[in-house]
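Here's my_file-v8.cif, which has mmCIF, C-alpha atoms and all ligand atoms:
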data_structure
#
loop_
_atom_site.label_atom_id
_atom_site.label_comp_id
_atom_site.auth_asym_id
_atom_site.auth_seq_id
_atom_site.Cartn_x
_atom_site.Cartn_y
_atom_site.Cartn_z
CA MET A 1 -154.61 25.23 -72.03
CA LYS A 2 -155.83 22.33 -69.95
CA ARG A 3 -153.65 19.25 -69.92
CA ARG A 4 -155.11 15.85 -69.03
CA PRO A 5 -154.21 15.30 -65.35
CA LEU A 6 -152.11 12.30 -64.36
CA ILE A 7 -152.30 10.86 -60.85
CA ALA A 8 -149.43 8.44 -60.37
CA GLY A 9 -148.77 6.08 -57.47
CA ASN A 10 -145.17 5.07 -56.81
CA TRP A 11 -145.18 2.06 -54.51
CA LYS A 12 -141.38 2.15 -54.10
CA MET A 13 -140.01 -0.98 -52.35
CA HIS A 14 -143.30 -2.05 -50.81
CA LEU A 15 -145.74 -4.98 -51.18
CA THR A 16 -145.48 -8.66 -52.03
CA VAL A 17 -147.05 -9.91 -55.25
CA ALA A 18 -150.27 -10.89 -53.46
CA GLU A 19 -150.47 -7.55 -51.62
CA ALA A 20 -149.78 -5.62 -54.82
CA LYS A 21 -152.49 -7.46 -56.75
CA SER A 22 -154.99 -6.85 -54.00
CA LEU A 23 -154.24 -3.12 -53.78
CA ALA A 24 -154.28 -2.72 -57.58
CA ASN A 25 -157.62 -4.49 -57.67
CA ASP A 26 -159.08 -2.22 -54.97
CA ILE A 27 -157.82 0.92 -56.72
CA ALA A 28 -159.10 -0.15 -60.14
CA ALA A 29 -162.49 -0.91 -58.59
CA GLY A 30 -162.69 2.64 -57.22
CA ASP A 31 -164.31 5.66 -58.79
CA ILE A 32 -161.98 6.82 -61.58
CA PRO A 33 -163.22 9.89 -63.47
CA SER A 34 -162.72 9.53 -67.22
CA ASP A 35 -161.11 12.97 -67.61
CA ARG A 36 -157.81 11.95 -65.96
CA ASP A 37 -155.09 9.33 -66.21
CA VAL A 38 -154.19 7.08 -63.28
CA MET A 39 -150.97 5.12 -63.09
CA LEU A 40 -149.42 2.64 -60.65
CA ALA A 41 -145.72 1.80 -60.36
CA PRO A 42 -145.33 -1.43 -58.35
CA PRO A 43 -141.97 -3.01 -57.57
CA PHE A 44 -140.52 -5.06 -60.46
CA THR A 45 -141.45 -8.41 -58.89
CA ALA A 46 -145.15 -7.51 -58.99
CA LEU A 47 -145.28 -5.84 -62.42
CA ALA A 48 -146.54 -8.79 -64.46
CA ALA A 49 -149.15 -9.79 -61.88
CA VAL A 50 -150.40 -6.23 -61.45
CA GLY A 51 -150.38 -5.88 -65.24
CA GLU A 52 -152.82 -8.80 -65.40
CA THR A 53 -154.97 -7.27 -62.65
CA LEU A 54 -155.16 -3.93 -64.48
CA LYS A 55 -156.04 -5.40 -67.88
CA ASN A 56 -159.37 -3.99 -69.09
CA THR A 57 -159.27 -1.24 -66.47
CA PRO A 58 -158.37 2.42 -67.11
CA VAL A 59 -155.39 2.24 -64.72
CA LEU A 60 -151.98 2.36 -66.42
CA LEU A 61 -148.94 0.35 -65.37
CA ALA A 62 -145.49 1.87 -64.92
CA ALA A 63 -142.03 0.75 -63.87
CA GLN A 64 -140.02 2.57 -61.23
CA ASN A 65 -136.91 2.54 -63.41
CA ASN A 66 -135.73 1.28 -66.81
CA CYS A 67 -132.52 0.40 -68.61
CA TRP A 68 -131.82 1.92 -72.02
CA GLU A 69 -130.75 -1.32 -73.69
CA GLU A 70 -133.06 -3.93 -75.13
CA LYS A 71 -131.12 -6.88 -73.70
CA GLY A 72 -127.64 -8.01 -72.76
CA ALA A 73 -125.14 -8.16 -69.92
CA PHE A 74 -126.67 -5.55 -67.61
CA THR A 75 -127.04 -7.42 -64.32
CA GLY A 76 -129.75 -5.98 -62.12
CA GLU A 77 -131.35 -3.88 -64.87
CA ILE A 78 -134.66 -4.32 -66.69
CA SER A 79 -135.09 -3.47 -70.35
CA PRO A 80 -137.92 -1.32 -71.73
CA VAL A 81 -138.95 -4.25 -73.92
CA MET A 82 -139.33 -6.48 -70.86
CA LEU A 83 -141.32 -3.75 -69.14
CA LYS A 84 -143.68 -3.49 -72.08
CA ASP A 85 -143.99 -7.26 -72.08
CA ALA A 86 -145.16 -7.04 -68.44
CA GLY A 87 -147.80 -4.48 -69.44
CA CYS A 88 -146.02 -1.20 -68.70
CA VAL A 89 -146.70 1.90 -70.71
CA MET A 90 -144.63 4.28 -68.58
CA ALA A 91 -141.41 4.30 -66.56
CA ILE A 92 -140.04 6.64 -63.92
CA ALA A 93 -136.47 7.93 -64.37
CA GLY A 94 -134.24 9.82 -61.98
CA HIS A 95 -136.30 9.52 -58.83
CA SER A 96 -134.52 11.32 -56.00
CA GLU A 97 -133.99 8.01 -54.20
CA ARG A 98 -132.11 6.72 -57.28
CA ARG A 99 -130.06 9.91 -57.34
CA HIS A 100 -129.29 10.21 -53.64
CA ILE A 101 -129.18 6.63 -52.35
CA PHE A 102 -127.82 4.91 -55.47
CA GLY A 103 -125.75 7.72 -56.94
CA GLU A 104 -127.47 7.97 -60.31
CA THR A 105 -126.19 10.93 -62.30
CA ASP A 106 -127.90 13.22 -64.78
CA ILE A 107 -125.94 11.50 -67.58
CA LEU A 108 -127.19 8.05 -66.57
CA ILE A 109 -130.74 9.32 -66.07
CA ASN A 110 -130.66 10.92 -69.52
CA LYS A 111 -129.90 7.47 -70.99
CA ARG A 112 -132.86 6.03 -69.12
CA VAL A 113 -135.21 8.70 -70.52
CA ALA A 114 -133.87 8.16 -74.05
CA GLY A 115 -134.19 4.37 -73.69
CA ALA A 116 -137.78 4.53 -72.49
CA LEU A 117 -138.84 6.80 -75.36
CA LYS A 118 -136.93 4.76 -77.95
CA PHE A 119 -138.88 1.64 -77.07
CA GLY A 120 -142.25 3.39 -76.80
CA LEU A 121 -142.62 3.91 -73.07
CA THR A 122 -143.67 7.26 -71.64
CA SER A 123 -140.81 8.56 -69.50
CA ILE A 124 -141.43 10.41 -66.25
CA LEU A 125 -138.30 12.41 -65.51
CA CYS A 126 -138.05 13.29 -61.81
CA ILE A 127 -136.12 16.31 -60.63
CA GLY A 128 -135.92 18.13 -57.33
CA GLU A 129 -133.71 20.15 -55.03
CA THR A 130 -132.57 19.21 -51.52
CA LEU A 131 -133.35 21.37 -48.50
CA GLU A 132 -129.74 22.54 -48.40
CA GLN A 133 -129.90 23.62 -52.04
CA ARG A 134 -133.20 25.45 -51.48
CA GLU A 135 -131.92 27.24 -48.40
CA ALA A 136 -128.78 28.29 -50.27
CA GLY A 137 -131.01 29.90 -52.92
CA ASN A 138 -129.97 27.39 -55.59
CA THR A 139 -133.33 25.76 -56.36
CA PHE A 140 -133.63 27.06 -59.91
CA ILE A 141 -129.98 26.43 -60.78
CA VAL A 142 -130.25 22.82 -59.60
CA LEU A 143 -133.52 22.20 -61.41
CA GLU A 144 -132.29 23.77 -64.64
CA LYS A 145 -129.21 21.53 -64.65
CA GLN A 146 -131.28 18.42 -63.96
CA MET A 147 -133.69 19.35 -66.75
CA ARG A 148 -131.13 20.33 -69.38
CA GLN A 149 -128.92 17.30 -68.73
CA GLY A 150 -131.78 14.87 -68.23
CA LEU A 151 -133.33 15.96 -71.52
CA SER A 152 -130.09 16.37 -73.47
CA GLY A 153 -130.57 15.07 -77.01
CA ILE A 154 -134.17 14.09 -76.27
CA ASP A 155 -136.28 15.17 -79.20
CA GLY A 156 -138.89 14.00 -81.64
CA PHE A 157 -141.21 12.46 -79.05
CA ALA A 158 -144.98 12.80 -78.89
CA GLU A 159 -145.91 15.33 -76.19
CA GLU A 160 -147.73 12.77 -74.06
CA GLN A 161 -144.63 10.54 -74.03
CA LEU A 162 -142.65 12.88 -71.80
CA VAL A 163 -143.74 13.79 -68.28
CA ILE A 164 -141.76 15.84 -65.77
CA ALA A 165 -142.18 15.25 -62.03
CA TYR A 166 -141.02 17.99 -59.68
CA GLU A 167 -140.31 16.33 -56.34
CA PRO A 168 -138.52 18.57 -53.85
CA VAL A 169 -136.36 16.16 -51.85
CA TRP A 170 -137.29 17.92 -48.59
CA ALA A 171 -140.95 17.09 -49.18
CA ILE A 172 -140.59 13.38 -49.94
CA GLY A 173 -141.83 11.16 -47.13
CA THR A 174 -141.51 14.01 -44.63
CA GLY A 175 -145.11 15.16 -44.43
CA LYS A 176 -143.89 18.61 -45.55
CA THR A 177 -145.49 19.60 -48.85
CA ALA A 178 -144.49 22.50 -51.02
CA SER A 179 -147.21 25.11 -50.77
CA GLU A 180 -149.32 25.53 -53.87
CA THR A 181 -147.51 28.82 -54.54
CA GLN A 182 -144.08 27.20 -54.25
CA ALA A 183 -145.16 24.37 -56.54
CA GLN A 184 -146.64 26.74 -59.14
CA GLU A 185 -143.54 28.95 -59.08
CA VAL A 186 -141.31 25.99 -59.89
CA HIS A 187 -143.71 24.44 -62.40
CA ARG A 188 -143.93 27.73 -64.29
CA PHE A 189 -140.14 27.95 -64.34
CA LEU A 190 -139.98 24.37 -65.69
CA ARG A 191 -142.61 25.13 -68.33
CA ASN A 192 -140.55 28.10 -69.52
CA LEU A 193 -137.49 25.87 -69.69
CA LEU A 194 -139.44 23.39 -71.81
CA VAL A 195 -140.40 26.25 -74.13
CA ASP A 196 -136.70 27.01 -74.44
CA LEU A 197 -135.82 23.36 -75.12
CA TYR A 198 -138.72 22.55 -77.44
CA GLU A 199 -141.42 24.58 -79.12
CA LYS A 200 -144.11 26.37 -77.18
CA ASN A 201 -146.92 24.13 -78.47
CA ILE A 202 -144.96 21.05 -77.33
CA ALA A 203 -144.02 22.57 -73.96
CA ASP A 204 -147.66 23.50 -73.39
CA ASN A 205 -148.67 19.86 -73.73
CA ILE A 206 -146.02 18.24 -71.51
CA ARG A 207 -147.44 17.35 -68.13
CA ILE A 208 -145.58 18.48 -65.02
CA LEU A 209 -146.48 16.53 -61.88
CA TYR A 210 -145.84 17.56 -58.31
CA GLY A 211 -144.62 14.98 -55.81
CA GLY A 212 -143.71 15.07 -52.13
CA SER A 213 -146.19 14.29 -49.36
CA VAL A 214 -149.26 14.62 -51.59
CA LYS A 215 -152.23 13.57 -49.45
CA PRO A 216 -156.04 13.65 -49.65
CA ASP A 217 -156.03 16.93 -47.70
CA ASN A 218 -153.62 18.88 -49.90
CA VAL A 219 -154.19 17.53 -53.40
CA ASP A 220 -157.15 19.81 -54.18
CA ILE A 221 -155.28 23.05 -53.59
CA LEU A 222 -152.17 21.84 -55.42
CA MET A 223 -154.26 20.86 -58.43
CA THR A 224 -155.81 24.35 -58.66
CA GLN A 225 -152.45 25.65 -59.89
CA GLU A 226 -152.20 26.34 -63.59
CA ASP A 227 -149.00 24.41 -64.24
CA VAL A 228 -149.57 21.53 -61.80
CA ASP A 229 -150.84 18.76 -64.07
CA GLY A 230 -150.96 15.90 -61.64
CA ALA A 231 -149.29 14.22 -58.71
CA LEU A 232 -146.65 11.57 -58.09
CA VAL A 233 -147.71 9.99 -54.82
CA GLY A 234 -145.67 7.73 -52.53
CA GLY A 235 -147.00 6.92 -49.06
CA ALA A 236 -150.62 7.87 -49.73
CA ALA A 237 -150.69 5.56 -52.78
CA LEU A 238 -150.23 2.51 -50.56
CA GLN A 239 -153.83 2.58 -49.34
CA ALA A 240 -156.73 2.30 -51.75
CA GLU A 241 -158.91 4.77 -49.85
CA SER A 242 -156.41 7.62 -49.74
CA PHE A 243 -155.23 7.07 -53.31
CA ILE A 244 -158.79 6.97 -54.66
CA ARG A 245 -159.48 10.24 -52.85
CA ILE A 246 -156.39 11.77 -54.46
CA ILE A 247 -157.51 10.49 -57.88
CA ASN A 248 -160.80 12.26 -57.23
CA PHE A 249 -159.22 15.65 -56.53
CA ASN A 250 -161.49 18.67 -56.95
CA ALA A 251 -159.74 21.66 -58.43
P1 LIG B 301 -144.33 10.64 -50.58
O1 LIG B 301 -145.67 10.89 -51.21
O2 LIG B 301 -144.35 9.46 -49.66
O3 LIG B 301 -143.74 11.88 -49.99
O4 LIG B 301 -143.34 10.20 -51.78
C1 LIG B 301 -143.25 11.00 -52.90
C2 LIG B 301 -142.48 10.29 -53.93
O5 LIG B 301 -141.27 10.13 -53.81
C3 LIG B 301 -143.20 9.75 -55.09
O6 LIG B 301 -142.32 9.33 -56.09
#

Can the structure in the file be given as structure tokens, please?
Ligand code: 13P
Amino acid sequence: MKRRPLIAGNWKMHLTVAEAKSLANDIAAGDIPSDRDVMLAPPFTALAAVGETLKNTPVLLAAQNNCWEEKGAFTGEISPVMLKDAGCVMAIAGHSERRHIFGETDILINKRVAGALKFGLTSILCIGETLEQREAGNTFIVLEKQMRQGLSGIDGFAEEQLVIAYEPVWAIGTGKTASETQAQEVHRFLRNLLVDLYEKNIADNIRILYGGSVKPDNVDILMTQEDVDGALVGGAALQAESFIRIINFNA
């Protein structure tokens, strides 16, 4: 079973509109092999402009978050319909920074996943344990809870519409990456959970990305792992050269 790899860049709270357009342009002009998907998630203020830049290129546009409602009194939120209007085809949900800095819960994140799918966006559900949880031997308990609650009631989607991103919190922005063995161990566990939640043929087609200090010098080995189907990249996605190298992983 070989799933189509997805290399995703999460720009977090970086770049003005002009900077974002320029970087998107440089990335889209790079060498992008046709056997993989590439996605960029700019900040909300740059979505529409980057959407224009990426038109007629193979690079997909994503939002870093989404509301579950179409419209209404939800100050500070952005609806999936608005995101599609700006050119998005995907949205991230439950990033560890949303969970840990802004207090988003599994229940809230579950609504975000459901909302994205309902309005036709692919949802990228992020999960991950903290260092404290890993050292206490609770990695799998934490991940199982995040998966089961994040995906509660989520059903009837096309396989490519749901993506899981395993991002160990201790590896995000720290320069410490999970080893390929650690990543594969978790990804296999998550795949088995998906088999339990859905059917095997669906679980086999859901992509599971690894995120946390993915760089040009570690992407190749990570991508050799059977259940690592792509990468969610932060810091190294902010420069065209390093991100294009990551897109061109050799596994
Ligand atoms: P870094 O690649 O900077 O560690 O960030 C990972 C991440 O959080 C992507 O969503």

What does the list of residues within 9 Å of ligand LIG 301 (chain B) look like if you count all atoms listed in the file, written as a ChimeraX atom specification?
/A:8-12,64,92,95-97,126,165,167-177,210-215,231-237

Env of Glu52 of chain A: 12 Å cut, atoms = all atoms listed in the file, seq-sep filter 4 positions within chain, self excluded. Answer as a PyMOL selection string.
chain A and resi 17+20-22+24-25+28+46-48+56-57+59-61+85-88

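Put simply, atom CA of Met39 of chain A is 24.8 Å away from atom CA of Asn201 of chain A.
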
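Checking A:Ala158, A:Met82, A:Ala203, A:Ile127 one by one against Glu69 of chain A, counting only C-alpha atoms, you find the shortest gap at A:Met82.
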
Which residue out of A:Gly115, A:Gly128, A:Gly94, A:Gly30 has the minimum interatomic distance to Cys67 of chain A when all atoms listed in the file are used?
A:Gly115

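The nearest approach to Gly51 of chain A among the residues A:Ile78, A:Leu83, A:Ile124, A:Val163, with all atoms listed in the file taken into account, belongs to A:Leu83.
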
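Between atom CA of Phe44 of chain A and atom CA of Ala63 of chain A the separation is 6.9 Å.
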
Can you pull out the residues contacting Glu70 of chain A? Cut-off 12 Å, using only C-alpha atoms, and skip same-chain residues under 2 positions away; I want them as an MDAnalysis selection string.
chainID A and resid 66:68 72:74 77:85 112 115:116 118:120

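When atom CA of Arg245 of chain A is paired with atom CA of Asp229 of chain A, their separation reads 16.5 Å.
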
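Ranking A:Ala62, A:Ala29, A:Ile246, A:Leu125 by their shortest atom-to-atom distance to Pro42 of chain A, with all atoms listed in the file included, puts A:Ala62 first.
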
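Using only C-alpha atoms, the smallest distance between any of A:Ile109, A:Met147, A:Leu238, A:Ile141 and His14 of chain A comes from A:Leu238.
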
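Every protein, DNA or RNA residue with an atom at most 6 Å from Leu6 of chain A, where only C-alpha atoms count and chain neighbours fewer than 2 positions away do not, is listed here: Arg36, Asp37, Val38 and Gly230 of chain A.
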
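Closest approach to Ala18 of chain A among A:Ala41, A:Thr53, A:Ser34, A:Ala114 is made by A:Thr53 (distances from only C-alpha atoms).
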
Can you tell me, as an MDAnalysis selection string, what residues are no more than 10 Å from Gly156 of chain A when counting all atoms listed in the file, ignoring any on the same chain fewer than 2 positions away?
chainID A and resid 117 153:154 158:159 198

Do you know which residues are at most 8 Å from segment 186-193 of chain A counting only C-alpha atoms, after dropping those on the same chain fewer than 2 positions away, and could you put them as a short mmCIF file (atom, residue, chain, number, x, y, z; two decimals) with C-alpha atoms, in the coordinates of the input?
data_model
loop_
_atom_site.label_atom_id
_atom_site.label_comp_id
_atom_site.auth_asym_id
_atom_site.auth_seq_id
_atom_site.Cartn_x
_atom_site.Cartn_y
_atom_site.Cartn_z
CA PHE A 140 -133.63 27.06 -59.91
CA GLU A 144 -132.29 23.77 -64.64
CA TYR A 166 -141.02 17.99 -59.68
CA GLN A 182 -144.08 27.20 -54.25
CA ALA A 183 -145.16 24.37 -56.54
CA GLN A 184 -146.64 26.74 -59.14
CA VAL A 195 -140.40 26.25 -74.13
CA ASP A 196 -136.70 27.01 -74.44
CA LEU A 197 -135.82 23.36 -75.12
CA ALA A 203 -144.02 22.57 -73.96
CA ASP A 204 -147.66 23.50 -73.39
CA ILE A 208 -145.58 18.48 -65.02
CA ASP A 227 -149.00 24.41 -64.24
CA VAL A 228 -149.57 21.53 -61.80
#
